[in-house]
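The next block is entry_3.txt, given as compact mmCIF, C-alpha atoms.
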# COMPACT_ATOMS: atom_id res chain seq x y z
CA MET A 1 5.73 2.46 -14.37
CA LEU A 2 6.63 4.77 -11.47
CA HIS A 3 3.90 6.80 -9.77
CA HIS A 4 3.68 10.38 -8.49
CA SER A 5 4.03 11.82 -4.97
CA GLY A 6 1.33 10.57 -2.63
CA GLY A 7 0.07 8.27 -5.37
CA THR A 8 -0.17 4.61 -6.25
CA ALA A 9 0.18 2.54 -9.41
CA ARG A 10 -3.57 3.00 -9.93
CA VAL A 11 -2.75 6.24 -11.75
CA PHE A 12 -1.68 4.02 -14.65
CA ASP A 13 -4.84 1.87 -14.81
CA GLY A 14 -6.11 3.53 -17.99
CA LEU A 15 -2.71 3.41 -19.66
CA VAL A 16 -2.27 -0.27 -18.76
CA ARG A 17 -5.59 -1.07 -20.46
CA ALA A 18 -4.72 1.01 -23.52
CA LEU A 19 -1.28 -0.45 -24.21
CA PRO A 20 -0.98 -2.98 -27.05
CA ALA A 21 -0.89 -6.63 -26.03
CA TRP A 22 2.78 -7.01 -26.99
CA LEU A 23 3.80 -4.59 -24.24
CA GLU A 24 4.02 -5.99 -20.71
CA PRO A 25 3.25 -3.26 -18.14
CA VAL A 26 5.06 -3.54 -14.80
CA PRO A 27 3.61 -0.94 -12.38
CA LEU A 28 5.80 -0.54 -9.30
CA GLU A 29 4.85 1.03 -5.97
CA LEU A 30 6.92 2.49 -3.17
CA PRO A 31 6.30 1.28 0.41
CA GLY A 32 3.24 2.56 2.25
CA ARG A 33 0.62 2.26 -0.50
CA GLY A 34 -1.26 -0.26 -2.59
CA ARG A 35 -0.28 -3.82 -1.76
CA ARG A 36 2.59 -2.44 0.31
CA TRP A 37 0.42 -0.31 2.57
CA ARG A 38 1.70 -2.00 5.73
CA GLU A 39 5.31 -0.98 5.00
CA GLU A 40 6.94 2.22 6.23
CA PRO A 41 7.46 4.86 3.50
CA VAL A 42 10.99 5.78 2.45
CA HIS A 43 12.20 9.37 2.89
CA THR A 44 15.17 9.76 0.53
CA ALA A 45 15.62 9.43 -3.22
CA ALA A 46 18.51 7.01 -2.71
CA ASP A 47 16.33 4.68 -0.63
CA ALA A 48 13.46 4.99 -3.11
CA VAL A 49 15.70 4.06 -6.05
CA SER A 50 17.18 1.12 -4.13
CA ASP A 51 13.67 -0.09 -3.37
CA LEU A 52 12.55 0.23 -7.00
CA ASP A 53 15.70 -1.53 -8.19
CA ALA A 54 14.84 -4.47 -5.92
CA ARG A 55 11.20 -4.48 -7.07
CA LEU A 56 12.37 -4.52 -10.70
CA ALA A 57 14.48 -7.60 -9.99
CA ASP A 58 11.57 -9.24 -8.16
CA ALA A 59 9.42 -8.67 -11.26
CA GLY A 60 11.95 -10.58 -13.36
CA VAL A 61 12.69 -7.73 -15.75
CA THR A 62 16.00 -8.24 -17.58
CA GLY A 63 17.54 -6.95 -20.77
CA GLU A 64 16.25 -3.75 -22.34
CA PHE A 65 13.03 -2.20 -21.09
CA ALA A 66 11.38 1.24 -20.78
CA ILE A 67 10.45 3.36 -17.78
CA PHE A 68 7.38 5.60 -17.61
CA GLY A 69 7.80 7.85 -14.58
CA HIS A 70 5.06 10.32 -13.69
CA SER A 71 5.90 13.50 -11.72
CA MET A 72 8.07 12.26 -8.81
CA GLY A 73 8.37 9.04 -10.81
CA ALA A 74 10.14 10.93 -13.61
CA TYR A 75 13.04 11.81 -11.30
CA LEU A 76 13.13 8.36 -9.75
CA GLY A 77 13.04 6.88 -13.25
CA LEU A 78 16.05 8.96 -14.27
CA SER A 79 17.96 7.86 -11.17
CA LEU A 80 16.97 4.22 -11.64
CA ALA A 81 18.01 4.23 -15.30
CA ALA A 82 21.38 5.76 -14.38
CA ARG A 83 21.96 3.22 -11.60
CA LEU A 84 21.29 0.30 -13.94
CA GLU A 85 23.82 1.69 -16.41
CA GLN A 86 26.46 1.27 -13.70
CA THR A 87 25.66 -2.46 -13.46
CA PRO A 88 26.45 -4.00 -16.88
CA GLY A 89 24.75 -7.26 -17.77
CA GLN A 90 21.51 -6.62 -15.90
CA ALA A 91 18.36 -4.75 -16.90
CA ARG A 92 18.87 -1.55 -18.87
CA CYS A 93 16.42 1.26 -19.60
CA SER A 94 16.55 2.06 -23.31
CA VAL A 95 13.73 4.65 -23.27
CA LEU A 96 12.74 6.89 -20.36
CA PHE A 97 9.33 8.55 -20.54
CA ALA A 98 9.66 11.50 -18.14
CA SER A 99 6.12 12.65 -17.43
CA ALA A 100 4.74 15.81 -15.81
CA ASN A 101 7.89 17.31 -14.35
CA LEU A 102 10.46 19.92 -15.32
CA GLY A 103 14.08 19.23 -16.19
CA PRO A 104 15.99 18.36 -13.00
CA LEU A 105 18.60 21.10 -13.39
CA ARG A 106 15.82 23.72 -13.33
CA VAL A 107 14.07 22.44 -10.21
CA GLN A 108 14.19 23.90 -6.71
CA PRO A 109 13.25 22.12 -3.44
CA LEU A 110 9.54 22.16 -2.64
CA PHE A 111 10.22 23.19 0.97
CA GLU A 112 12.71 25.58 2.54
CA GLY A 113 13.30 23.15 5.40
CA ASP A 114 12.83 19.43 5.89
CA PRO A 115 9.46 18.30 4.47
CA LEU A 116 9.26 15.74 7.28
CA HIS A 117 8.88 18.65 9.72
CA ALA A 118 6.14 20.41 7.69
CA ASP A 119 2.65 20.55 9.19
CA ASP A 120 -0.37 19.08 7.43
CA GLU A 121 -1.59 22.37 5.97
CA GLU A 122 1.79 23.17 4.44
CA VAL A 123 1.98 19.72 2.88
CA LEU A 124 -1.50 20.11 1.39
CA ARG A 125 -0.69 23.60 0.07
CA VAL A 126 2.27 22.22 -1.85
CA ALA A 127 0.19 19.27 -3.11
CA ALA A 128 -2.51 21.67 -4.35
CA ARG A 129 -0.03 23.10 -6.86
CA PHE A 130 -0.23 19.79 -8.71
CA GLY A 131 -3.91 19.03 -8.20
CA GLY A 132 -3.81 17.71 -4.65
CA PRO A 133 -5.80 14.83 -3.10
CA ALA A 134 -9.40 14.29 -4.23
CA PRO A 135 -12.07 16.14 -2.19
CA GLN A 136 -13.53 12.88 -0.86
CA ILE A 137 -10.14 12.04 0.66
CA LEU A 138 -9.81 15.42 2.35
CA GLU A 139 -13.33 15.12 3.78
CA ASN A 140 -12.53 11.84 5.54
CA ALA A 141 -10.26 12.31 8.57
CA GLN A 142 -8.63 8.87 8.31
CA LEU A 143 -8.04 9.06 4.57
CA ARG A 144 -6.77 12.63 4.88
CA GLU A 145 -4.26 11.60 7.54
CA HIS A 146 -2.99 8.73 5.40
CA ALA A 147 -2.73 10.92 2.29
CA VAL A 148 -0.77 13.62 4.12
CA ARG A 149 1.57 11.01 5.57
CA LEU A 150 2.41 9.66 2.12
CA LEU A 151 2.72 13.13 0.60
CA ARG A 152 5.08 14.25 3.36
CA ALA A 153 7.30 11.19 2.81
CA ASP A 154 7.26 11.55 -0.98
CA PHE A 155 7.98 15.27 -0.83
CA ALA A 156 11.00 14.39 1.30
CA VAL A 157 12.05 11.97 -1.45
CA CYS A 158 11.62 14.71 -4.08
CA ASP A 159 13.61 17.32 -2.14
CA SER A 160 16.27 14.73 -1.41
CA PHE A 161 16.58 14.13 -5.17
CA VAL A 162 16.89 17.87 -5.83
CA ARG A 163 19.60 18.31 -3.21
CA THR A 164 21.67 15.22 -3.98
CA MET A 165 20.82 13.71 -7.39
CA ARG A 166 19.49 16.34 -9.78
CA ARG A 167 22.71 16.29 -11.83
CA THR A 168 22.11 12.61 -12.66
CA THR A 169 22.34 11.79 -16.37
CA THR A 170 21.34 8.75 -18.38
CA GLU A 171 22.13 7.20 -21.74
CA SER A 172 18.44 6.42 -22.28
CA HIS A 173 16.46 7.93 -25.14
CA LEU A 174 14.33 10.54 -23.37
CA VAL A 175 10.67 11.26 -24.15
CA VAL A 176 9.36 14.16 -22.07
CA CYS A 177 5.55 14.04 -21.74
CA CYS A 178 3.38 16.77 -20.25
CA GLY A 179 -0.18 18.09 -20.24
CA THR A 180 -0.79 21.35 -22.12
CA ASP A 181 -2.46 22.83 -19.01
CA ASP A 182 0.24 21.75 -16.55
CA LEU A 183 2.30 24.46 -14.85
CA PHE A 184 5.59 23.67 -16.65
CA SER A 185 6.82 25.92 -19.45
CA ASP A 186 8.43 24.73 -22.69
CA ASP A 187 11.81 25.98 -21.45
CA GLN A 188 11.46 24.00 -18.22
CA LEU A 189 10.63 20.84 -20.17
CA ASP A 190 13.41 21.46 -22.66
CA ALA A 191 15.89 21.43 -19.75
CA TRP A 192 15.50 17.63 -19.66
CA ARG A 193 17.93 17.55 -22.62
CA LEU A 194 20.72 18.16 -20.12
CA SER A 195 19.86 14.92 -18.32
CA SER A 196 20.42 12.53 -21.23
CA ALA A 197 23.32 11.79 -23.55
CA ALA A 198 20.84 10.46 -26.10
CA GLU A 199 18.09 12.06 -28.17
CA THR A 200 15.42 13.96 -26.24
CA GLU A 201 11.95 14.83 -27.51
CA ILE A 202 8.98 16.61 -25.95
CA VAL A 203 5.37 15.51 -26.41
CA ARG A 204 2.39 17.51 -25.12
CA PHE A 205 -1.06 16.07 -24.46
CA PRO A 206 -4.36 17.85 -23.70
CA GLY A 207 -4.98 18.17 -19.97
CA GLY A 208 -3.27 19.06 -16.71
CA HIS A 209 -0.91 17.31 -14.33
CA PHE A 210 -2.84 14.04 -14.48
CA TYR A 211 -3.36 13.97 -18.24
CA VAL A 212 -2.28 10.30 -18.33
CA ASP A 213 -5.72 8.99 -17.39
CA ALA A 214 -7.87 11.11 -19.72
CA GLU A 215 -5.40 10.73 -22.60
CA ALA A 216 -4.54 7.07 -22.00
CA GLU A 217 -5.12 6.04 -25.63
CA ALA A 218 -2.90 8.81 -27.00
CA VAL A 219 -0.20 8.15 -24.40
CA ALA A 220 -0.28 4.43 -25.22
CA ARG A 221 0.23 5.20 -28.92
CA THR A 222 3.16 7.48 -28.08
CA VAL A 223 4.75 4.80 -25.91
CA ALA A 224 4.24 1.98 -28.41
CA ALA A 225 5.65 4.03 -31.30
CA ARG A 226 8.96 4.44 -29.47
CA LEU A 227 9.49 0.85 -28.39
CA PRO A 228 10.49 -2.16 -30.49
CA ALA A 229 7.64 -4.45 -31.42
CA PRO A 230 8.17 -8.20 -30.90
CA SER A 231 10.39 -9.99 -33.39
CA ALA A 232 11.67 -13.50 -33.86
CA GLU A 233 14.42 -12.65 -31.38
CA PRO A 234 12.91 -11.43 -28.08
CA VAL A 235 14.48 -8.19 -26.88
CA THR A 236 13.73 -8.73 -23.21
CA THR A 237 12.30 -11.08 -20.64
CA THR A 238 9.17 -9.73 -18.98
CA ALA A 239 7.87 -10.30 -15.48
CA THR A 240 5.86 -13.31 -16.69
CA GLY A 241 8.69 -14.78 -18.74
CA GLY A 242 7.01 -14.01 -22.08
CA GLU A 243 8.37 -12.25 -25.12
CA GLY A 244 8.03 -8.54 -25.79
CA SER A 245 9.01 -5.26 -24.25
CA SER A 246 8.49 -4.27 -20.64
CA LEU A 247 7.32 -0.89 -19.40
Write the structure described by the file as structure tokens, please.
Amino acid sequence: MLHHSGGTARVFDGLVRALPAWLEPVPLELPGRGRRWREEPVHTAADAVSDLDARLADAGVTGEFAIFGHSMGAYLGLSLAARLEQTPGQARCSVLFASANLGPLRVQPLFEGDPLHADDEEVLRVAARFGGPAPQILENAQLREHAVRLLRADFAVCDSFVRTMRRTTTESHLVVCCGTDDLFSDDQLDAWRLSSAAETEIVRFPGGHFYVDAEAEAVARTVAARLPAPSAEPVTTTATGGEGSSL
């Protein structure tokens, strides 16, 4: 599970609880947040994917597994899946759930210049397009400063992806998920088909950019229906060494 810009793995708390017991969720976080809050954030998509690749190995995920990437996480998920395909014999993403983002070939950079040089107000204006930080965060000077710092770094990651990696393709089955009230059109979502050599489908859920929390039960059913249930022959080794499929 790969989170959105400025976010943490907590965005998946509801989905983690709603998933069936045979699925092993593996939420990953980039540096600078959650348990990794002491680490310096990364600023490029290449560095973010390298970091996630290492975290995946640390979690013990091998064989076939699925990625659920939300917003920024959808692009990082695509890049991570493609990287793993270049390393035969290791973990391989069989299904990529690309959530709350438009097809990479239709995207433009969020900023005209370098996001790392954007002032706080500009960063928050861009973030507001996708919901933005919660009011209680903006009202607290320390929390606001931390949120803007992460957003600035993650927006740099996103624009780096657009400028250097948006033509990435994967062999993974692609499930594009989006809220009905999000700002992305059907044509923009359909453009994801150009990023996969496999089947691509689009699933809409009630809600906006952060539909995943409110629609956790429905999202969990969608995920489970597209992944192999446990059998006598385990299809993957999860982070805890058990049998089942990893997400």
Find the spatial neighbours of region 193-199 of chain A, counting all atoms listed in the file, within a cut-off of 6 Å - ignore same-chain residues fewer than 6 positions away - and output them as a list in words. Thr169, Thr170, Glu171 and His173 of chain A
Residues at most 10 Å from Ser172 (chain A), counting only C-alpha atoms, excluding those fewer than 4 positions away in the same chain, as a ChimeraX atom specification? /A:66-67,78,81-82,85,92-97,195-200
Would you export the selected residues with C-alpha atoms as a CSV table (one decimal), in the coordinates of the input, please?
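Output file result_12.csv follows:
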chain,number,residue,atom,x,y,z
A,66,ALA,CA,11.4,1.2,-20.8
A,67,ILE,CA,10.4,3.4,-17.8
A,78,LEU,CA,16.0,9.0,-14.3
A,81,ALA,CA,18.0,4.2,-15.3
A,82,ALA,CA,21.4,5.8,-14.4
A,85,GLU,CA,23.8,1.7,-16.4
A,92,ARG,CA,18.9,-1.6,-18.9
A,93,CYS,CA,16.4,1.3,-19.6
A,94,SER,CA,16.6,2.1,-23.3
A,95,VAL,CA,13.7,4.6,-23.3
A,96,LEU,CA,12.7,6.9,-20.4
A,97,PHE,CA,9.3,8.6,-20.5
A,195,SER,CA,19.9,14.9,-18.3
A,196,SER,CA,20.4,12.5,-21.2
A,197,ALA,CA,23.3,11.8,-23.6
A,198,ALA,CA,20.8,10.5,-26.1
A,199,GLU,CA,18.1,12.1,-28.2
A,200,THR,CA,15.4,14.0,-26.2
Of the candidates A:Gly132, A:Gly208, A:Gly6, A:Gly60, which shows the shortest atom-to-atom distance to Glu24 (chain A), using all atoms listed in the file?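 Nearest candidate to Glu24 (chain A) out of A:Gly132, A:Gly208, A:Gly6, A:Gly60: A:Gly60.
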List as a ChimeraX atom specification the residues having at least one atom at most 6 Å from position (7.7, 13.8, -18.6) as given in the file, counting all atoms listed in the file. /A:97-101,176-178
Restrict the calculation to only C-alpha atoms, then for each residue of region 9-75 of chain A with any atom at most 8 Å from an atom of region 209-218 of chain A give the closest atom pair and their distance in Å to one decimal, rows by chain and rising residue number, as JSON lines.
{"residue": "A:Val11", "atom": "CA", "partner": "A:Asp213", "partner_atom": "CA", "distance": 6.9}
{"residue": "A:Phe12", "atom": "CA", "partner": "A:Asp213", "partner_atom": "CA", "distance": 7.0}
{"residue": "A:Asp13", "atom": "CA", "partner": "A:Asp213", "partner_atom": "CA", "distance": 7.6}
{"residue": "A:Gly14", "atom": "CA", "partner": "A:Asp213", "partner_atom": "CA", "distance": 5.5}
{"residue": "A:Leu15", "atom": "CA", "partner": "A:Ala216", "partner_atom": "CA", "distance": 4.7}
{"residue": "A:Ala18", "atom": "CA", "partner": "A:Glu217", "partner_atom": "CA", "distance": 5.5}
{"residue": "A:Leu19", "atom": "CA", "partner": "A:Glu217", "partner_atom": "CA", "distance": 7.7}
From the options A:His43, A:Arg204, A:Gly32, A:Pro133, which residue's atoms come nearest to Ser185 (chain A), counting all atoms listed in the file?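 Looking only at the distances to Ser185 (chain A), the closest residue turns out to be A:Arg204.
Interatomic distance, CA of Gln142 (chain A) against CA of Ala48 (chain A): 25.2 Å.
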Please indicate the distance in Å from CA of Thr44 (chain A) to CA of Trp192 (chain A), rounded to one decimal place. 21.7 Å
Residue nearest Arg226 (chain A) among A:Asp58, A:Val175, A:Thr164, A:Gly207 (counting only C-alpha atoms):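 Selected residue with least distance to Arg226 (chain A): A:Val175.
The two atoms in question, CA of Val126 (chain A) and CA of Arg33 (chain A), are spaced 20.1 Å apart.
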Quick one: region 151-170 of chain A with N, CA and C atoms, as a compact mmCIF listing (two decimals), in the coordinates of the input?
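As a result, result.txt now contains:
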# COMPACT_ATOMS: atom_id res chain seq x y z
N LEU A 151 2.22 11.94 1.28
CA LEU A 151 2.72 13.13 0.60
C LEU A 151 3.96 13.68 1.29
N ARG A 152 3.93 13.73 2.61
CA ARG A 152 5.08 14.25 3.36
C ARG A 152 6.34 13.41 3.07
N ALA A 153 6.17 12.09 3.09
CA ALA A 153 7.30 11.19 2.81
C ALA A 153 7.79 11.36 1.38
N ASP A 154 6.86 11.45 0.43
CA ASP A 154 7.26 11.55 -0.98
C ASP A 154 7.86 12.91 -1.29
N PHE A 155 7.36 13.96 -0.64
CA PHE A 155 7.98 15.27 -0.83
C PHE A 155 9.40 15.28 -0.29
N ALA A 156 9.63 14.53 0.78
CA ALA A 156 11.00 14.39 1.30
C ALA A 156 11.88 13.68 0.29
N VAL A 157 11.32 12.67 -0.39
CA VAL A 157 12.05 11.97 -1.45
C VAL A 157 12.40 12.95 -2.57
N CYS A 158 11.41 13.75 -2.99
CA CYS A 158 11.62 14.71 -4.08
C CYS A 158 12.70 15.73 -3.72
N ASP A 159 12.61 16.32 -2.53
CA ASP A 159 13.61 17.32 -2.14
C ASP A 159 14.99 16.69 -1.95
N SER A 160 15.00 15.45 -1.52
CA SER A 160 16.27 14.73 -1.41
C SER A 160 16.90 14.56 -2.80
N PHE A 161 16.07 14.24 -3.80
CA PHE A 161 16.58 14.13 -5.17
C PHE A 161 17.17 15.47 -5.62
N VAL A 162 16.44 16.55 -5.39
CA VAL A 162 16.89 17.87 -5.83
C VAL A 162 18.23 18.22 -5.20
N ARG A 163 18.39 17.90 -3.93
CA ARG A 163 19.60 18.31 -3.21
C ARG A 163 20.80 17.40 -3.46
N THR A 164 20.54 16.17 -3.89
CA THR A 164 21.67 15.22 -3.98
C THR A 164 21.82 14.53 -5.34
N MET A 165 20.77 14.53 -6.18
CA MET A 165 20.82 13.71 -7.39
C MET A 165 20.37 14.41 -8.66
N ARG A 166 20.09 15.70 -8.60
CA ARG A 166 19.49 16.34 -9.78
C ARG A 166 20.45 16.44 -10.96
N ARG A 167 21.74 16.27 -10.73
CA ARG A 167 22.71 16.29 -11.83
C ARG A 167 22.89 14.91 -12.48
N THR A 168 22.06 13.96 -12.08
CA THR A 168 22.11 12.61 -12.66
C THR A 168 21.84 12.68 -14.16
N THR A 169 22.58 11.89 -14.93
CA THR A 169 22.34 11.79 -16.37
C THR A 169 22.20 10.32 -16.75
N THR A 170 21.57 10.10 -17.89
CA THR A 170 21.34 8.75 -18.38
C THR A 170 21.72 8.65 -19.85
